[in-house]
Amino acid sequence: MTAQHQSPLARFTGDANPYGGGDPYADHRSADFPFTQYANLADRQLGAGVIAANDEFFAQRENLLLPERAEFDPEHFGHKGKIMDGWETRRRRGASAEHPWPTADDHDWALVRLGAPGVVRGIVIDTAHFRGNYPQAVSVEGASVPGSPSPEELLADDVKWTTLVPRTAVGGHAANGFAVDVEQRITHLRVNQHPDGGIARLRVYGEVVPDPRWLSVLGTFDVVALENGGQVEDASNLFYSPATNTIQPGRSRKMDDGWETRRRRDQGHDWIRYQLVARSEVRAIEIDTAYLKGNSAGWASVSVRDGVDGEWVEVLPRTRLQPDTNHRFVLAGPSVGTHARVDIFPDGGISRLRLFGSLTEEGEARLAARHQELGG
């Protein structure tokens, strides 16, 4: 394992006070971490999963990736004890009465498959509601393993694990954040808690790095989709929901699974700017307003730009949108670009944006070079 540089961030250590009633999040410790601008690569919607753990006696490992924040019910007990909304292991013990304490190397672990392989920029290990039963320290390792390896294959001696977060003390009932500076394509994580305890939620923020061979075989695909390597660069307003929702897989499942802005009281409009997976030819567009019924955008237009200094070219003129409807548009001809922008008028929201096309020769070459550079 190779240790890597870790940027300084807000740190939380020690126990939180016992729960005293009222809002359990009132004394939850957290901070604004700069890397949360990136997509969560450990999102179940992308296909992430906790595929194994050495122990989950008190609470199941799968809870780590639940999208909503952890809940706490002070009266919820089961046959094994207090039921927590997270991953919690039993208390470790030493080898004998003379040495009842766990050793310095004793730890519990969970294997996480990222929903989309990519470069990890930051990790949040949230110990919400684990006030006196959180791990003393945590560490996180990453590996790049092709295909769909089993837990046994990931734990084999020939798998190279790189340290993303070195062993670091954490705090109870706190969102513990770690910036990661490892330029490597990661497919799986090994999350370690030393020596034992509980973690409520895991978030892994980063940039998707797709397999160029897969995209090449597909031919025509969604060149702005998060799972294919597209990303949101900026948006005019994020009041109700993140703009990244618009490039998540599948159709929206409820209103807050899309992008919705606050109500405008001026003559302006709202927008999202995207970076495509690579230089592409866009041939068709989908704009979906699923579950946005009284708050969908009234009109929308789409523009494409070729290069960061290129001029915006409108490929879909301002077009009327219907509520709770998927709109499809075939372009008169392919439009070449590296970036796209959707403008909505005057405000409201859309649930999904799809830009169907294919990589140019230049785009395919750059994507292949980056994939190789990152160890893919």
# chains A, B, ... in the order shown; residues from 1 in each chain; ligands from 1

call {"tool": "residues_around", "arguments": {"residues": "Pro166 of chain A", "least_positions_apart": "2", "cutoff": "7 Å", "atoms": "only C-alpha atoms", "output": "PyMOL selection string"}}
result
chain A and resi 3+139-140+163-164+168

call {"tool": "write_last_selection", "arguments": {"atoms": "C-alpha atoms", "output": "CSV table (one decimal), in the first residue's frame"}}
result
chain,number,residue,atom,x,y,z
A,3,ALA,CA,0.5,6.4,1.4
A,139,SER,CA,-8.7,4.3,7.0
A,140,VAL,CA,-9.7,3.8,3.4
A,163,THR,CA,-4.2,4.2,0.7
A,164,LEU,CA,-6.7,7.0,0.1
A,168,THR,CA,-6.9,8.8,11.2

call {"tool": "residues_around", "arguments": {"residues": "segment 253-267 of chain A", "least_positions_apart": "2", "cutoff": "7 Å", "atoms": "only C-alpha atoms", "output": "PyMOL selection string"}}
result
chain A and resi 237-243+245-246+251+269+291-292+347-352

call {"tool": "closest_residue", "arguments": {"among": "A:Leu64, A:Ile272, A:Ala156, A:Ala225", "to": "Ala110 of chain A", "atoms": "only C-alpha atoms"}}
result
A:Leu64

call {"tool": "atom_distance", "arguments": {"atom1": "atom CA of Leu353 of chain A", "atom2": "atom CA of Gly298 of chain A"}}
result
15.3 Å

call {"tool": "residues_around", "arguments": {"residues": "Gly219 of chain A", "least_positions_apart": "4", "cutoff": "9 Å", "atoms": "only C-alpha atoms", "output": "list in words"}}
result
Trp214, Leu215, Gly357, Ser358 and Leu359 of chain A

call {"tool": "residues_around", "arguments": {"residues": "Arg318 of chain A", "least_positions_apart": "5", "cutoff": "7 Å", "atoms": "only C-alpha atoms", "output": "compact mmCIF listing (two decimals) with C-alpha atoms, in the first residue's frame"}}
result
# COMPACT_ATOMS: atom_id res chain seq x y z
CA TRP A 299 -39.53 26.55 -21.89
CA ALA A 300 -36.02 25.21 -22.46
CA SER A 301 -33.19 25.58 -24.95

call {"tool": "residues_around", "arguments": {"residues": "Ala104 of chain A", "least_positions_apart": "6", "cutoff": "12 Å", "atoms": "only C-alpha atoms", "output": "list in words"}}
result
Arg92, Arg93, Gly94, Gln136, Ala137, Arg167, Gln193, His194, Pro195 and Asp196 of chain A

call {"tool": "residues_around", "arguments": {"residues": "segment 145-150 of chain A", "least_positions_apart": "4", "cutoff": "9 Å", "atoms": "only C-alpha atoms", "output": "PyMOL selection string"}}
result
chain A and resi 51+154-155+159-160+186-188+376

call {"tool": "write_last_selection", "arguments": {"atoms": "all heavy atoms", "output": "CSV table (one decimal), in the first residue's frame"}}
result
chain,number,residue,atom,x,y,z
A,51,ILE,N,-20.4,-4.9,-0.7
A,51,ILE,CA,-20.5,-6.3,-1.2
A,51,ILE,C,-20.0,-7.3,-0.1
A,51,ILE,O,-20.3,-8.5,-0.2
A,51,ILE,CB,-19.7,-6.6,-2.5
A,51,ILE,CG1,-18.2,-6.2,-2.3
A,51,ILE,CG2,-20.3,-5.7,-3.6
A,51,ILE,CD1,-17.4,-6.6,-3.5
A,154,LEU,N,-11.2,-9.9,-4.4
A,154,LEU,CA,-10.7,-8.6,-4.0
A,154,LEU,C,-9.8,-8.8,-2.8
A,154,LEU,O,-8.9,-7.9,-2.6
A,154,LEU,CB,-11.9,-7.7,-3.6
A,154,LEU,CG,-12.7,-7.2,-4.7
A,154,LEU,CD1,-14.0,-6.5,-4.2
A,154,LEU,CD2,-11.9,-6.2,-5.6
A,155,LEU,N,-10.0,-9.8,-2.0
A,155,LEU,CA,-9.2,-10.0,-0.8
A,155,LEU,C,-7.9,-10.8,-1.1
A,155,LEU,O,-7.1,-11.1,-0.2
A,155,LEU,CB,-10.0,-10.7,0.3
A,155,LEU,CG,-11.1,-9.8,0.8
A,155,LEU,CD1,-12.0,-10.7,1.8
A,155,LEU,CD2,-10.6,-8.6,1.6
A,159,VAL,N,-4.0,-8.4,-5.3
A,159,VAL,CA,-4.7,-7.2,-5.5
A,159,VAL,C,-4.0,-6.0,-4.9
A,159,VAL,O,-3.6,-6.1,-3.7
A,159,VAL,CB,-6.2,-7.2,-5.0
A,159,VAL,CG1,-6.8,-5.8,-5.1
A,159,VAL,CG2,-7.0,-8.3,-5.7
A,160,LYS,N,-3.7,-5.0,-5.6
A,160,LYS,CA,-2.9,-3.9,-5.1
A,160,LYS,C,-3.9,-2.8,-4.6
A,160,LYS,O,-4.7,-2.3,-5.3
A,160,LYS,CB,-2.0,-3.3,-6.2
A,160,LYS,CG,-1.2,-2.1,-5.8
A,160,LYS,CD,-0.5,-1.4,-6.9
A,160,LYS,CE,0.2,-0.2,-6.5
A,160,LYS,NZ,1.0,0.5,-7.6
A,186,ILE,N,-10.3,4.3,-9.6
A,186,ILE,CA,-10.6,3.4,-8.5
A,186,ILE,C,-12.0,2.7,-8.8
A,186,ILE,O,-12.9,3.4,-9.2
A,186,ILE,CB,-10.7,4.1,-7.1
A,186,ILE,CG1,-9.4,4.8,-6.8
A,186,ILE,CG2,-11.1,3.2,-6.0
A,186,ILE,CD1,-8.2,3.8,-6.6
A,187,THR,N,-12.0,1.4,-8.6
A,187,THR,CA,-13.3,0.7,-8.8
A,187,THR,C,-13.9,0.2,-7.5
A,187,THR,O,-15.1,0.0,-7.4
A,187,THR,CB,-13.1,-0.6,-9.7
A,187,THR,OG1,-12.1,-1.5,-9.1
A,187,THR,CG2,-12.5,-0.1,-11.1
A,188,HIS,N,-13.0,-0.1,-6.5
A,188,HIS,CA,-13.5,-0.6,-5.2
A,188,HIS,C,-12.8,0.0,-4.0
A,188,HIS,O,-11.6,0.5,-4.2
A,188,HIS,CB,-13.2,-2.2,-5.1
A,188,HIS,CG,-14.0,-2.9,-6.1
A,188,HIS,ND1,-13.7,-3.0,-7.5
A,188,HIS,CD2,-15.2,-3.7,-6.0
A,188,HIS,CE1,-14.6,-3.8,-8.1
A,188,HIS,NE2,-15.5,-4.2,-7.2
A,376,GLY,N,-6.3,2.5,-15.8
A,376,GLY,CA,-7.4,1.7,-16.1
A,376,GLY,C,-7.1,0.6,-17.1
A,376,GLY,O,-6.0,0.5,-17.6

call {"tool": "select_by_dssp", "arguments": {"residues": "segment 110-157 of chain A", "states": "strand (DSSP E)", "output": "PyMOL selection string"}}
result
chain A and resi 110-126+137-143

call {"tool": "residues_around", "arguments": {"residues": "segment 334-344 of chain A", "least_positions_apart": "6", "cutoff": "7 Å", "atoms": "only C-alpha atoms", "output": "ChimeraX atom specification"}}
result
/A:269-276,278-283,297,299-307

call {"tool": "closest_residue", "arguments": {"among": "A:Pro323, A:Gly230, A:Gly268, A:Pro249", "to": "Ala290 of chain A", "atoms": "only C-alpha atoms"}}
result
A:Pro323
